[in-house]
file model-v6.txt (compact mmCIF, C-alpha atoms (C1' of nucleotides))
# COMPACT_ATOMS: atom_id res chain seq x y z
CA MET A 1237 -31.62 0.76 8.71
CA ALA A 1238 -28.36 1.00 6.85
CA ASP A 1239 -25.16 0.04 8.62
CA THR A 1240 -22.37 2.57 8.05
CA ILE A 1241 -18.85 1.15 7.96
CA SER A 1242 -15.70 3.11 7.13
CA ILE A 1243 -12.74 1.23 5.71
CA ALA A 1244 -9.25 2.71 5.36
CA SER A 1245 -6.11 1.53 3.61
CA TRP A 1246 -2.61 2.78 4.35
CA ASN A 1247 0.87 1.69 3.30
CA ILE A 1248 2.54 2.54 6.58
CA ASN A 1249 6.19 1.76 5.63
CA SER A 1250 7.02 0.08 8.98
CA VAL A 1251 4.24 0.20 11.55
CA ARG A 1252 6.73 0.32 14.45
CA ALA A 1253 8.41 3.42 13.01
CA ARG A 1254 5.00 5.13 12.69
CA LEU A 1255 3.40 4.71 16.11
CA ASP A 1256 2.87 8.46 16.53
CA ILE A 1257 1.16 9.03 13.19
CA VAL A 1258 -0.85 5.82 13.48
CA GLU A 1259 -2.17 7.07 16.80
CA ARG A 1260 -2.95 10.47 15.31
CA PHE A 1261 -4.82 8.84 12.43
CA LEU A 1262 -6.85 6.62 14.74
CA ALA A 1263 -7.71 9.58 16.98
CA GLU A 1264 -8.60 11.96 14.13
CA GLU A 1265 -10.18 9.66 11.57
CA GLY A 1266 -11.04 6.49 13.51
CA PRO A 1267 -12.14 4.27 10.62
CA ASP A 1268 -14.00 1.11 11.61
CA ILE A 1269 -11.47 -1.01 9.75
CA LEU A 1270 -7.87 -0.22 8.80
CA CYS A 1271 -5.92 -2.22 6.20
CA LEU A 1272 -2.15 -1.78 6.51
CA GLN A 1273 0.61 -2.66 4.05
CA GLU A 1274 4.37 -2.78 4.54
CA THR A 1275 4.07 -3.36 8.27
CA LYS A 1276 7.65 -4.72 8.21
CA VAL A 1277 7.14 -6.68 11.41
CA VAL A 1278 6.62 -10.30 12.45
CA ASN A 1279 3.26 -11.03 14.07
CA ASP A 1280 4.77 -11.47 17.57
CA THR A 1281 6.02 -7.89 17.71
CA PHE A 1282 3.12 -6.15 15.92
CA PRO A 1283 2.07 -3.19 18.13
CA ALA A 1284 -1.27 -4.79 18.97
CA GLY A 1285 -1.68 -2.83 22.22
CA LEU A 1286 -1.75 0.56 20.50
CA PHE A 1287 -4.60 -0.54 18.25
CA ARG A 1288 -6.48 -2.14 21.18
CA GLN A 1289 -6.26 1.18 23.05
CA TYR A 1290 -8.34 2.68 20.25
CA GLY A 1291 -10.82 -0.17 20.17
CA TYR A 1292 -9.33 -2.18 17.32
CA ASN A 1293 -9.72 -5.48 19.13
CA HIS A 1294 -10.00 -7.58 16.01
CA GLN A 1295 -6.61 -8.00 14.39
CA MET A 1296 -5.61 -10.25 11.52
CA LEU A 1297 -1.88 -10.24 10.84
CA ASN A 1298 0.28 -11.57 8.05
CA GLY A 1299 3.80 -10.40 8.80
CA GLN A 1300 7.30 -11.57 7.99
CA PRO A 1301 10.76 -10.39 9.06
CA MET A 1302 12.07 -7.15 7.58
CA HIS A 1303 10.00 -6.65 4.43
CA HIS A 1304 6.40 -6.49 3.24
CA GLY A 1305 3.73 -7.59 5.71
CA VAL A 1306 0.02 -6.74 5.80
CA ALA A 1307 -2.61 -6.49 8.53
CA ILE A 1308 -6.29 -5.72 9.05
CA VAL A 1309 -7.32 -4.18 12.37
CA SER A 1310 -10.97 -3.57 13.13
CA ARG A 1311 -13.44 -2.28 15.69
CA ILE A 1312 -16.11 -4.57 14.29
CA PRO A 1313 -15.93 -8.34 13.94
CA ILE A 1314 -13.89 -9.75 11.07
CA ARG A 1315 -13.64 -13.46 10.42
CA GLU A 1316 -12.36 -16.26 8.23
CA ASP A 1317 -9.03 -14.69 7.58
CA ASP A 1318 -7.06 -16.16 4.74
CA ARG A 1319 -3.59 -15.41 3.51
CA LEU A 1320 -3.04 -15.97 -0.18
CA ASP A 1321 0.52 -16.48 -1.36
CA TRP A 1322 -0.13 -15.95 -5.04
CA GLN A 1323 3.46 -16.61 -6.04
CA ALA A 1324 4.15 -19.37 -3.51
CA ASN A 1325 7.36 -17.61 -2.52
CA GLY A 1326 6.52 -17.06 1.15
CA GLU A 1327 6.11 -13.30 0.91
CA ALA A 1328 3.42 -11.75 3.14
CA ARG A 1329 1.44 -9.65 0.67
CA HIS A 1330 -2.20 -10.51 1.27
CA ILE A 1331 -4.74 -10.97 4.01
CA GLY A 1332 -8.47 -11.30 3.50
CA VAL A 1333 -11.41 -11.37 5.90
CA ARG A 1334 -15.19 -11.56 5.87
CA LEU A 1335 -17.45 -9.01 7.54
CA ASP A 1336 -20.60 -10.04 9.38
CA ASN A 1337 -22.70 -8.80 6.46
CA GLY A 1338 -20.98 -11.31 4.18
CA VAL A 1339 -18.81 -8.80 2.31
CA ARG A 1340 -15.24 -9.93 1.79
CA LEU A 1341 -12.36 -7.51 2.35
CA GLU A 1342 -9.07 -8.28 0.58
CA ASN A 1343 -5.95 -6.34 1.52
CA VAL A 1344 -3.03 -6.61 -0.89
CA TYR A 1345 0.51 -5.29 -1.28
CA VAL A 1346 1.53 -5.68 -4.92
CA PRO A 1347 5.32 -5.96 -5.47
CA ALA A 1348 6.95 -2.61 -6.28
CA GLY A 1349 8.86 -4.08 -9.22
CA GLY A 1350 12.32 -2.56 -8.89
CA GLU A 1351 13.76 0.16 -11.09
CA GLU A 1352 14.09 -1.19 -14.61
CA PRO A 1353 10.84 -2.05 -16.43
CA ASP A 1354 12.34 -5.06 -18.22
CA ARG A 1355 11.93 -8.54 -16.82
CA THR A 1356 14.96 -9.91 -18.69
CA ILE A 1357 17.33 -7.71 -16.69
CA ASN A 1358 15.19 -7.03 -13.62
CA PRO A 1359 13.59 -10.11 -12.04
CA LYS A 1360 11.61 -7.92 -9.62
CA PHE A 1361 9.69 -6.46 -12.53
CA GLY A 1362 8.89 -9.96 -13.74
CA GLN A 1363 7.75 -10.87 -10.25
CA LYS A 1364 5.37 -7.93 -10.26
CA LEU A 1365 3.87 -8.90 -13.62
CA ASP A 1366 3.53 -12.55 -12.54
CA PHE A 1367 1.89 -11.50 -9.27
CA LEU A 1368 -0.72 -9.53 -11.22
CA GLU A 1369 -1.36 -12.52 -13.52
CA ARG A 1370 -2.08 -14.67 -10.44
CA MET A 1371 -4.36 -11.97 -9.07
CA ILE A 1372 -6.28 -11.99 -12.36
CA GLU A 1373 -6.81 -15.76 -12.06
CA TRP A 1374 -8.02 -15.33 -8.49
CA SER A 1375 -10.23 -12.35 -9.33
CA SER A 1376 -11.80 -14.13 -12.32
CA ALA A 1377 -13.01 -16.90 -10.01
CA LEU A 1378 -14.77 -14.61 -7.52
CA SER A 1379 -18.04 -14.75 -9.51
CA ASP A 1380 -20.71 -12.70 -7.76
CA LYS A 1381 -19.19 -12.65 -4.24
CA PRO A 1382 -19.42 -9.03 -3.01
CA THR A 1383 -15.82 -8.07 -2.41
CA ILE A 1384 -13.71 -5.04 -1.52
CA LEU A 1385 -10.16 -5.16 -2.91
CA THR A 1386 -7.86 -2.53 -1.45
CA GLY A 1387 -4.22 -1.80 -0.77
CA ASP A 1388 -1.03 -0.63 -2.40
CA PHE A 1389 -1.28 -1.80 -6.01
CA ASN A 1390 1.97 0.00 -6.91
CA ILE A 1391 0.44 1.06 -10.24
CA ALA A 1392 -0.89 4.49 -11.20
CA PRO A 1393 -3.07 3.65 -14.22
CA LEU A 1394 -4.34 6.95 -15.60
CA GLU A 1395 -2.42 9.89 -17.03
CA CYS A 1396 -3.93 12.05 -14.30
CA ASP A 1397 -2.80 9.54 -11.65
CA VAL A 1398 0.78 10.82 -11.97
CA TRP A 1399 2.35 14.26 -11.89
CA SER A 1400 3.65 13.81 -15.45
CA HIS A 1401 2.50 11.06 -17.78
CA LYS A 1402 5.30 11.93 -20.21
CA ALA A 1403 8.05 11.84 -17.62
CA LEU A 1404 6.88 8.57 -16.06
CA ILE A 1405 5.79 6.50 -19.06
CA ASN A 1406 8.94 4.38 -18.70
CA THR A 1407 9.02 4.47 -14.91
CA VAL A 1408 7.91 1.36 -13.02
CA SER A 1409 4.36 1.94 -11.68
CA HIS A 1410 3.19 3.77 -14.83
CA THR A 1411 4.46 1.67 -17.78
CA PRO A 1412 2.04 0.51 -20.49
CA VAL A 1413 2.58 -3.17 -19.65
CA GLU A 1414 1.66 -2.63 -15.98
CA ILE A 1415 -1.32 -0.48 -16.90
CA ALA A 1416 -2.57 -3.12 -19.35
CA LEU A 1417 -2.31 -5.81 -16.67
CA LEU A 1418 -4.16 -3.66 -14.15
CA ALA A 1419 -6.89 -3.08 -16.75
CA ARG A 1420 -7.19 -6.86 -17.23
CA LEU A 1421 -7.41 -7.30 -13.46
CA GLN A 1422 -10.15 -4.68 -13.28
CA ALA A 1423 -12.09 -6.29 -16.13
CA SER A 1424 -11.77 -9.78 -14.63
CA HIS A 1425 -14.39 -8.96 -11.96
CA ASP A 1426 -15.81 -5.73 -13.35
CA TRP A 1427 -14.22 -3.94 -10.38
CA VAL A 1428 -15.31 -0.36 -9.69
CA ASP A 1429 -12.37 1.95 -8.93
CA LEU A 1430 -13.81 4.07 -6.10
CA GLY A 1431 -11.03 6.63 -6.30
CA ARG A 1432 -12.13 7.62 -9.79
CA HIS A 1433 -15.79 6.94 -9.01
CA PHE A 1434 -15.66 9.82 -6.53
CA VAL A 1435 -12.91 11.93 -8.11
CA PRO A 1436 -13.37 11.50 -11.86
CA ALA A 1437 -10.49 11.92 -14.29
CA PRO A 1438 -8.85 14.22 -15.18
CA GLU A 1439 -8.84 15.62 -11.66
CA ARG A 1440 -5.56 15.33 -9.76
CA LEU A 1441 -5.58 12.42 -7.28
CA TYR A 1442 -2.39 11.11 -5.64
CA THR A 1443 -1.70 8.85 -2.65
CA TRP A 1444 2.12 8.70 -2.69
CA TRP A 1445 4.93 11.23 -2.84
CA SER A 1446 8.61 10.23 -2.90
CA TYR A 1447 10.80 10.88 0.13
CA ARG A 1448 13.41 12.19 -2.27
CA ALA A 1449 11.73 15.45 -3.13
CA ARG A 1450 13.07 18.47 -1.29
CA ASP A 1451 9.51 19.59 -0.61
CA TRP A 1452 6.87 16.95 -1.40
CA SER A 1453 4.04 19.49 -1.28
CA GLU A 1454 5.67 22.21 -3.33
CA SER A 1455 6.91 19.95 -6.13
CA ASP A 1456 3.77 17.75 -5.85
CA ARG A 1457 5.27 14.94 -7.89
CA GLY A 1458 2.72 12.44 -6.69
CA ARG A 1459 1.28 9.18 -7.96
CA ARG A 1460 -1.97 7.31 -7.21
CA LEU A 1461 -0.62 3.92 -6.14
CA ASP A 1462 -3.20 3.04 -3.48
CA HIS A 1463 -6.65 1.90 -4.48
CA MET A 1464 -10.06 0.82 -3.21
CA TRP A 1465 -11.96 -1.36 -5.68
CA VAL A 1466 -15.37 -2.95 -5.13
CA SER A 1467 -17.60 -5.47 -6.86
CA ARG A 1468 -20.16 -3.77 -9.12
CA SER A 1469 -22.92 -4.81 -6.68
CA LEU A 1470 -21.26 -2.79 -3.90
CA ALA A 1471 -20.61 0.40 -5.87
CA ASP A 1472 -23.79 2.14 -4.82
CA LYS A 1473 -23.12 1.25 -1.15
CA ALA A 1474 -20.06 3.51 -1.14
CA VAL A 1475 -21.10 6.98 0.01
CA SER A 1476 -17.73 8.76 0.22
CA HIS A 1477 -14.06 8.27 -0.55
CA ARG A 1478 -11.22 10.48 0.67
CA VAL A 1479 -7.44 10.69 0.45
CA VAL A 1480 -5.99 11.99 3.71
CA GLU A 1481 -3.32 14.04 1.99
CA PRO A 1482 -2.25 16.07 5.05
CA ALA A 1483 -0.84 12.85 6.57
CA ARG A 1484 2.09 13.15 4.14
CA GLY A 1485 3.12 16.29 6.06
CA TRP A 1486 2.96 14.78 9.56
CA ALA A 1487 6.20 14.19 11.47
CA ARG A 1488 8.11 11.10 10.30
CA PRO A 1489 5.53 10.29 7.63
CA SER A 1490 5.03 7.26 5.47
CA ASP A 1491 5.53 8.07 1.79
CA HIS A 1492 1.93 6.89 1.28
CA VAL A 1493 -1.18 8.52 2.78
CA PRO A 1494 -4.38 6.78 3.92
CA ILE A 1495 -7.48 6.44 1.79
CA ILE A 1496 -10.89 6.07 3.49
CA THR A 1497 -14.17 4.87 2.05
CA GLU A 1498 -17.47 5.06 3.88
CA PHE A 1499 -20.06 2.41 3.04
CA ALA A 1500 -23.77 2.37 3.88
CA PHE A 1501 -24.56 -1.33 3.72
C1' DA B 1196 15.23 12.50 -12.50
C1' DT B 1197 16.80 13.54 -8.05
C1' DG B 1198 18.58 11.59 -3.86
C1' DT B 1199 15.33 9.83 1.36
C1' DC B 1200 13.66 6.59 4.11
C1' DG B 1201 13.58 1.90 7.30
C1' DA B 1202 15.49 -2.68 8.61
C1' DG B 1203 19.05 -5.15 10.18
C1' DG B 1204 23.73 -6.90 10.22
C1' DA B 1205 27.98 -6.57 13.10
C1' DT B 1206 28.07 -0.99 13.64
C1' DA B 1207 29.95 3.45 15.27
C1' DC B 1208 28.45 2.52 8.55
C1' DC B 1209 26.98 -0.55 5.19
C1' DT B 1210 23.65 -2.94 1.92
C1' DC B 1211 19.19 -3.75 0.30
C1' DG B 1212 14.51 -2.60 -1.01
C1' DA B 1213 11.31 0.91 -1.86
call {"tool": "encode", "arguments": {"input": "model-v6.txt", "output": "structure tokens"}}
result
Amino acid sequence: MADTISIASWNINSVRARLDIVERFLAEEGPDILCLQETKVVNDTFPAGLFRQYGYNHQMLNGQPMHHGVAIVSRIPIREDDRLDWQANGEARHIGVRLDNGVRLENVYVPAGGEEPDRTINPKFGQKLDFLERMIEWSSALSDKPTILTGDFNIAPLECDVWSHKALINTVSHTPVEIALLARLQASHDWVDLGRHFVPAPERLYTWWSYRARDWSESDRGRRLDHMWVSRSLADKAVSHRVVEPARGWARPSDHVPIITEFAF
DNA sequence: ATGTCGAGGATACCTCGA
């Protein structure tokens, strides 16, 4: 008998500022496992009780003061957490666990990269590129370990992953150099991009809309920054993949919405 | 592109990062 497990990923942009919409998401969608990015909270003040109320008794946290921070909360056992610091700069951008069936789940928050797509004048952009290079090294060494890689990659690779390819070609998140690096990362483990596995190009598929739009829904200037990738051997275990777009319209939203994949292992 | 969030310092707004 197949074991069905749903796994969600959500850049929450401060988990403490989003208690109401987190609760709504848990009540309405109730994934078995939720990967969070940008928790913006140290581990001691993570709102563990709220998640426990909804049965998420397994919690693996990698927080830091003020910025970044990732977490995996789960209703089913998760073990062997590890926290990779790819750039050895102390930033909390990764947490990985192993499920009881042996599958690894890796939750990552790739650096945003600042405004200017030029590492000589914008060190943050260089940091983003270097981070991806380290991820490629890590990914290349995974060999045949069945792995799920999810999170906020901060890159929208395809033309149909942004509202306007022309307008954003020089905007960080959609520049050719970032897209080339993401393609190398994907090739390094033959990762299957479940977003496009279930919603093939050129169909519109976004997971992020800027706070700066007057009406995010009407202008619909979205980008697909959040991803769920799996090892080739896991691709046929994924039975559905959804973007919970209405969450962008909830009160006090994150600028990202959750993605949810259901697996039949 | 425009111009909106959240965190946290030392406030009754500012800077930074996104």
call {"tool": "closest_atom_pairs", "arguments": {"input": "model-v6.txt", "of": "chain A", "to": "chain B", "cutoff": "9 Å", "atoms": "only C-alpha atoms (C1' of nucleotides)", "output": "Markdown table"}}
result
| residue | atom | partner | partner_atom | distance |
| --- | --- | --- | --- | --- |
| A:Asn1249 | CA | B:DG1201 | C1' | 7.6 |
| A:Ser1250 | CA | B:DG1201 | C1' | 7.0 |
| A:Ala1253 | CA | B:DG1201 | C1' | 7.9 |
| A:Lys1276 | CA | B:DA1202 | C1' | 8.1 |
| A:Met1302 | CA | B:DA1202 | C1' | 5.7 |
| A:His1303 | CA | B:DA1202 | C1' | 8.0 |
| A:Ala1348 | CA | B:DA1213 | C1' | 7.1 |
| A:Gly1350 | CA | B:DA1213 | C1' | 7.9 |
| A:Ala1403 | CA | B:DA1196 | C1' | 8.8 |
| A:Ser1446 | CA | B:DT1199 | C1' | 8.0 |
| A:Tyr1447 | CA | B:DT1199 | C1' | 4.8 |
| A:Arg1448 | CA | B:DT1199 | C1' | 4.7 |
| A:Ala1449 | CA | B:DT1197 | C1' | 7.3 |
| A:Ser1490 | CA | B:DC1200 | C1' | 8.8 |
| A:Asp1491 | CA | B:DC1200 | C1' | 8.6 |
call {"tool": "closest_residue", "arguments": {"input": "model-v6.txt", "among": "A:Pro1359, A:Gly1485, A:Gly1266, A:Gly1349", "to": "Asn1390 (chain A)", "atoms": "only C-alpha atoms"}}
result
A:Gly1349
call {"tool": "atom_distance", "arguments": {"input": "model-v6.txt", "atom1": "CA of Val1435 (chain A)", "atom2": "CA of Arg1460 (chain A)"}}
result
11.9 Å
call {"tool": "atom_distance", "arguments": {"input": "model-v6.txt", "atom1": "CA of Ala1284 (chain A)", "atom2": "CA of Pro1347 (chain A)"}}
result
25.3 Å
call {"tool": "residues_around", "arguments": {"input": "model-v6.txt", "residues": "Asn1325 (chain A)", "least_positions_apart": "6", "cutoff": "12 Å", "atoms": "all atoms listed in the file", "output": "short mmCIF file (atom, residue, chain, number, x, y, z; two decimals) with C-alpha atoms, in the coordinates of the input"}}
result
data_model
loop_
_atom_site.label_atom_id
_atom_site.label_comp_id
_atom_site.auth_asym_id
_atom_site.auth_seq_id
_atom_site.Cartn_x
_atom_site.Cartn_y
_atom_site.Cartn_z
CA GLN A 1363 7.75 -10.87 -10.25
CA ASP A 1366 3.53 -12.55 -12.54
CA PHE A 1367 1.89 -11.50 -9.27
#
call {"tool": "atom_distance", "arguments": {"input": "model-v6.txt", "atom1": "CA of Arg1488 (chain A)", "atom2": "CA of Tyr1290 (chain A)"}}
result
21.0 Å
call {"tool": "residues_around", "arguments": {"input": "model-v6.txt", "residues": "Thr1386 (chain A)", "least_positions_apart": "6", "cutoff": "9 Å", "atoms": "only C-alpha atoms (C1' of nucleotides)", "output": "JSON, numbers by chain"}}
result
{"A": [1244, 1245, 1271, 1341, 1342, 1343, 1344, 1345, 1462, 1463, 1464, 1465, 1466]}
call {"tool": "closest_residue", "arguments": {"input": "model-v6.txt", "among": "A:Gln1300, A:Ser1453, A:Gln1422, A:Asn1247", "to": "Val1278 (chain A)", "atoms": "only C-alpha atoms"}}
result
A:Gln1300
call {"tool": "residues_around", "arguments": {"input": "model-v6.txt", "residues": "His1492 (chain A)", "least_positions_apart": "3", "cutoff": "9 Å", "atoms": "only C-alpha atoms (C1' of nucleotides)", "output": "MDAnalysis selection string"}}
result
chainID A and resid 1246:1249 1388 1443:1446 1461:1462 1481 1483:1484 1489
